[in-house]
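Engineer: A single structure is presented below for examination.
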Amino acid sequence: MKTLRDELKGSRLFRKLRHGVGRAVADFGLIEAGDRLAVAVSGGKDSYTMLLLLDELRRRAPVAFEIEAITVDSGYRGFRTDIIEKFVTEQGIRCHVERTSHFDIISEKRRPGSSYCSICARLKRGVLYGAAARLGCNKLALGHHSDDFIETLLLNQFFVGSLKAMSACMLADNGVTTVIRPLVYTTEADIISFSREAALPVVCCCCPVCGKADVQRKRMKKLLNELEKDIPHIRNSMLKALSNVHPRHLLDGRLVAAPPGGAACGSLTGAAGE
Ligand code: SF4
């Protein structure tokens with residue numbers, strides 16, 4: 001019987017995605033010899049795709065590294081962790097399901113009107129860090145794709161007043177785990193097509209706000225889709241901008257080094273674009 005891996009060998013899309021992850025690994029030094037990667041698998045299209053790509057890379061890479069899948073069960077009734085476990089195990093990867101009572105904690109602690117997702121995501125991230133450490137994994141791979149990076153950049157500019165997106169590789173706040181995002185060059189559109197092509201067994205998280213959350217992010221997506229009609233390369237350009245920062249042409253005094261023998265120029269008279 002043909003396995004999914006056999007089928008993927010003939011897939012041009014899979015090769016394209018594999019190339020993108022390989023480029024990200026090379027550009028940001030995401031994986032080193034001897035690494036043990038904890039791969040966060042939620043049962044969604046992004047994390048399944050990332051898991052398959054990292055496993056493929058593991059088989060081909062010149063350096064040896066290991067991967068373990070971790071799924072956090074937040075306790076939302078109906079969340080089919082059995083489907084995730086079966087799929088991951090069928091790929092020959094160990095799957096660790098972390099059972100939690102997050103749903104009860106959120107129901108008790110959440111203030112009326114406050115965001116469900118922020119507390120849920122924070123609790124989940126804590127469990128992922130803990131599980132990664134327990135399993136001896138030095139890195140945690142998260143399935144954010146290039147659209148997530150761009151949308152986050154816009155969200156922070158529009159609603160937070162901050163010029164900030166995400167990092168492809170950074171030490172987490174716990175000071176122990178390095179968070180990596182191997183899908184930084186992978187578009188959501190390609191992931192959707194791949195998910196269909198490979199018939200990935202996507203499962204719903206079954207949380208109370210599933211499909212209704214992240215209204216502002218959906219607005220950013222819609223805005224980008226609109227703009228893309230006139231500016232076809234807008235997404236590429238915005239992603240490129242994240243690795244082409246000119247601190248002297250921003251307004252954050254912390255980034256501007258003082259010239260030798262004098263104070264940094266605080267003039268507001270310079271013409272735009274200089
Ligand atoms: S969509 Fe649901 S599962 Fe996802 S972070 Fe929000 S509350 Fe949690």
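Labeling convention for the structure tokens: chains A, B, ... as they appear, residues from 1 per chain, ligands from 1 in order of appearance.
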For chain A versus ligand 1, which residues have an atom no more than 8 Å away, and what is each residue's nearest atom pair and distance in Å rounded to one decimal, using only C-alpha atoms and all ligand atoms, chain-then-number order, as JSON lines?
Structural biologist:
```
{"residue": "A:Ser74", "atom": "CA", "partner": "ligand 1", "partner_atom_place_in_ligand_line": "3 (S)", "distance": 7.5}
{"residue": "A:Tyr116", "atom": "CA", "partner": "ligand 1", "partner_atom_place_in_ligand_line": "7 (S)", "distance": 4.9}
{"residue": "A:Cys117", "atom": "CA", "partner": "ligand 1", "partner_atom_place_in_ligand_line": "6 (Fe)", "distance": 3.5}
{"residue": "A:Ser118", "atom": "CA", "partner": "ligand 1", "partner_atom_place_in_ligand_line": "5 (S)", "distance": 6.7}
{"residue": "A:Ile119", "atom": "CA", "partner": "ligand 1", "partner_atom_place_in_ligand_line": "8 (Fe)", "distance": 7.7}
{"residue": "A:Cys120", "atom": "CA", "partner": "ligand 1", "partner_atom_place_in_ligand_line": "8 (Fe)", "distance": 4.5}
{"residue": "A:Ala121", "atom": "CA", "partner": "ligand 1", "partner_atom_place_in_ligand_line": "5 (S)", "distance": 4.8}
{"residue": "A:Cys205", "atom": "CA", "partner": "ligand 1", "partner_atom_place_in_ligand_line": "3 (S)", "distance": 5.4}
{"residue": "A:Cys206", "atom": "CA", "partner": "ligand 1", "partner_atom_place_in_ligand_line": "2 (Fe)", "distance": 7.2}
{"residue": "A:Cys207", "atom": "CA", "partner": "ligand 1", "partner_atom_place_in_ligand_line": "2 (Fe)", "distance": 4.6}
{"residue": "A:Pro208", "atom": "CA", "partner": "ligand 1", "partner_atom_place_in_ligand_line": "2 (Fe)", "distance": 6.6}
{"residue": "A:Val209", "atom": "CA", "partner": "ligand 1", "partner_atom_place_in_ligand_line": "2 (Fe)", "distance": 5.4}
{"residue": "A:Cys210", "atom": "CA", "partner": "ligand 1", "partner_atom_place_in_ligand_line": "1 (S)", "distance": 4.8}
{"residue": "A:Gly211", "atom": "CA", "partner": "ligand 1", "partner_atom_place_in_ligand_line": "1 (S)", "distance": 6.9}
{"residue": "A:Lys212", "atom": "CA", "partner": "ligand 1", "partner_atom_place_in_ligand_line": "1 (S)", "distance": 7.7}
{"residue": "A:Ala213", "atom": "CA", "partner": "ligand 1", "partner_atom_place_in_ligand_line": "1 (S)", "distance": 5.6}
{"residue": "A:Asp214", "atom": "CA", "partner": "ligand 1", "partner_atom_place_in_ligand_line": "1 (S)", "distance": 7.6}
```
Engineer: Can you write out the residues you just picked, keeping C-alpha atoms, as a PDB file, in the first residue's frame?
Structural biologist:
```
ATOM      1  CA  SER A  74      -7.126  22.181  26.197  1.00  0.00           C
ATOM      2  CA  TYR A 116     -10.777  33.918  24.859  1.00  0.00           C
ATOM      3  CA  CYS A 117      -7.769  33.395  22.629  1.00  0.00           C
ATOM      4  CA  SER A 118      -5.185  35.392  24.547  1.00  0.00           C
ATOM      5  CA  ILE A 119      -5.573  33.365  27.744  1.00  0.00           C
ATOM      6  CA  CYS A 120      -5.983  30.082  25.838  1.00  0.00           C
ATOM      7  CA  ALA A 121      -2.871  30.679  23.727  1.00  0.00           C
ATOM      8  CA  CYS A 205     -10.167  22.559  18.214  1.00  0.00           C
ATOM      9  CA  CYS A 206     -13.850  22.681  19.298  1.00  0.00           C
ATOM     10  CA  CYS A 207     -13.291  25.761  21.453  1.00  0.00           C
ATOM     11  CA  PRO A 208     -16.234  28.123  22.043  1.00  0.00           C
ATOM     12  CA  VAL A 209     -14.860  30.713  19.605  1.00  0.00           C
ATOM     13  CA  CYS A 210     -13.622  28.360  16.881  1.00  0.00           C
ATOM     14  CA  GLY A 211     -13.978  30.111  13.506  1.00  0.00           C
ATOM     15  CA  LYS A 212     -15.245  33.305  15.173  1.00  0.00           C
ATOM     16  CA  ALA A 213     -11.998  34.408  16.811  1.00  0.00           C
ATOM     17  CA  ASP A 214      -9.369  36.761  15.437  1.00  0.00           C
TER      18      ASP A 214
END
```
Engineer: Tell me, counting only C-alpha atoms, for each residue of segment 5-74 of chain A within 12 Å of segment 143-166 of chain A, which pair of atoms is nearest and how far apart they are in Å to one decimal, in rows ordered by chain and increasing number, as a Markdown table.
Structural biologist:
```
| residue | atom | partner | partner_atom | distance |
| --- | --- | --- | --- | --- |
| A:Leu17 | CA | A:His145 | CA | 11.1 |
| A:Gly20 | CA | A:Ser146 | CA | 10.5 |
| A:Val21 | CA | A:His145 | CA | 10.4 |
| A:Ala24 | CA | A:Ser146 | CA | 11.0 |
| A:Ala38 | CA | A:Gly143 | CA | 11.6 |
| A:Val39 | CA | A:Gly143 | CA | 8.5 |
| A:Ala40 | CA | A:Gly143 | CA | 7.4 |
| A:Val41 | CA | A:Gly143 | CA | 8.2 |
| A:Ser42 | CA | A:Gly143 | CA | 9.3 |
| A:Gly43 | CA | A:Gly143 | CA | 11.0 |
| A:Gly44 | CA | A:Gly143 | CA | 9.4 |
| A:Lys45 | CA | A:Gly143 | CA | 9.1 |
| A:Asp46 | CA | A:Gly143 | CA | 5.5 |
| A:Ser47 | CA | A:Gly143 | CA | 4.9 |
| A:Tyr48 | CA | A:Gly143 | CA | 8.5 |
| A:Thr49 | CA | A:Gly143 | CA | 8.2 |
| A:Met50 | CA | A:Gly143 | CA | 6.0 |
| A:Leu51 | CA | A:Gly143 | CA | 8.6 |
| A:Leu52 | CA | A:Gly143 | CA | 11.4 |
| A:Leu53 | CA | A:Gly143 | CA | 10.9 |
| A:Leu54 | CA | A:Gly143 | CA | 10.9 |
```
Engineer: When you draw a straight line from atom CA of Ala131 of chain A to atom CA of Ile70 of chain A, how long is it in Å?
Structural biologist: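 For atom CA of Ala131 of chain A relative to atom CA of Ile70 of chain A, the distance reads 7.6 Å.
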Engineer: If we count only C-alpha atoms, what is near Ala64 of chain A at a cut-off of 12 Å, once residues fewer than 2 positions away on the same chain are taken out, given as a VMD selection string?
Structural biologist: chain A and resid 31 to 37 55 57 to 62 66 to 67
Engineer: Smallest atom-to-atom distance to Phe79 of chain A: which of A:His96, A:Val203, A:Phe194, A:Pro182, using only C-alpha atoms?
Structural biologist: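 Residue with the minimum atom-to-atom distance to Phe79 of chain A: A:Val203.
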Engineer: Pick the closest to Lys124 of chain A from A:Val88, A:Ile106, A:Ile231, A:Cys169: which is it, counting only C-alpha atoms?
Structural biologist: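 Among the listed residues, the smallest separation from Lys124 of chain A belongs to A:Ile106.
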Engineer: Using atom CA of Asp252 of chain A and atom CA of Arg219 of chain A as the two end points, give the distance in Å to one decimal.
Structural biologist: 27.5 Å
Engineer: Could you check how far atom CA of His102 of chain A sits from atom CA of Gly75 of chain A, in Å to one decimal?
Structural biologist: 6.1 Å
Engineer: Identify all residues of segment 47-255 of chain A in helix (DSSP H, G or I) (DSSP on the backbone) and supply them as a count of residues only.
Structural biologist: 103
Engineer: Return the single residue from A:Ser114, A:Ile234, A:Ile180, A:Ala199 that is closest to Leu8 of chain A, with distances computed using only C-alpha atoms.
Structural biologist: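 Looking at the shortest contact to Leu8 of chain A, the residue is A:Ala199.
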Engineer: List as a VMD selection string the protein and nucleic acid residues near Arg248 of chain A, meaning an atom at most 10 Å away when only C-alpha atoms are counted, but skip any in the same chain fewer than 6 places from it.
Structural biologist: chain A and resid 255 to 257
Engineer: Based on the selection just made, write N, CA and C atoms of those residues as an mmCIF file, in the first residue's frame.
Structural biologist:
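File written: part-v6.cif
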```
data_model
loop_
_atom_site.group_PDB
_atom_site.id
_atom_site.type_symbol
_atom_site.label_atom_id
_atom_site.label_comp_id
_atom_site.auth_asym_id
_atom_site.auth_seq_id
_atom_site.Cartn_x
_atom_site.Cartn_y
_atom_site.Cartn_z
ATOM 1 N N LEU A 255 17.104 53.282 18.651
ATOM 2 C CA LEU A 255 17.778 52.601 17.547
ATOM 3 C C LEU A 255 18.812 53.478 16.856
ATOM 4 N N VAL A 256 18.715 54.793 17.089
ATOM 5 C CA VAL A 256 19.578 55.707 16.346
ATOM 6 C C VAL A 256 20.845 55.987 17.132
ATOM 7 N N ALA A 257 21.989 55.549 16.609
ATOM 8 C CA ALA A 257 23.256 55.781 17.291
ATOM 9 C C ALA A 257 23.664 57.238 17.117
#
```
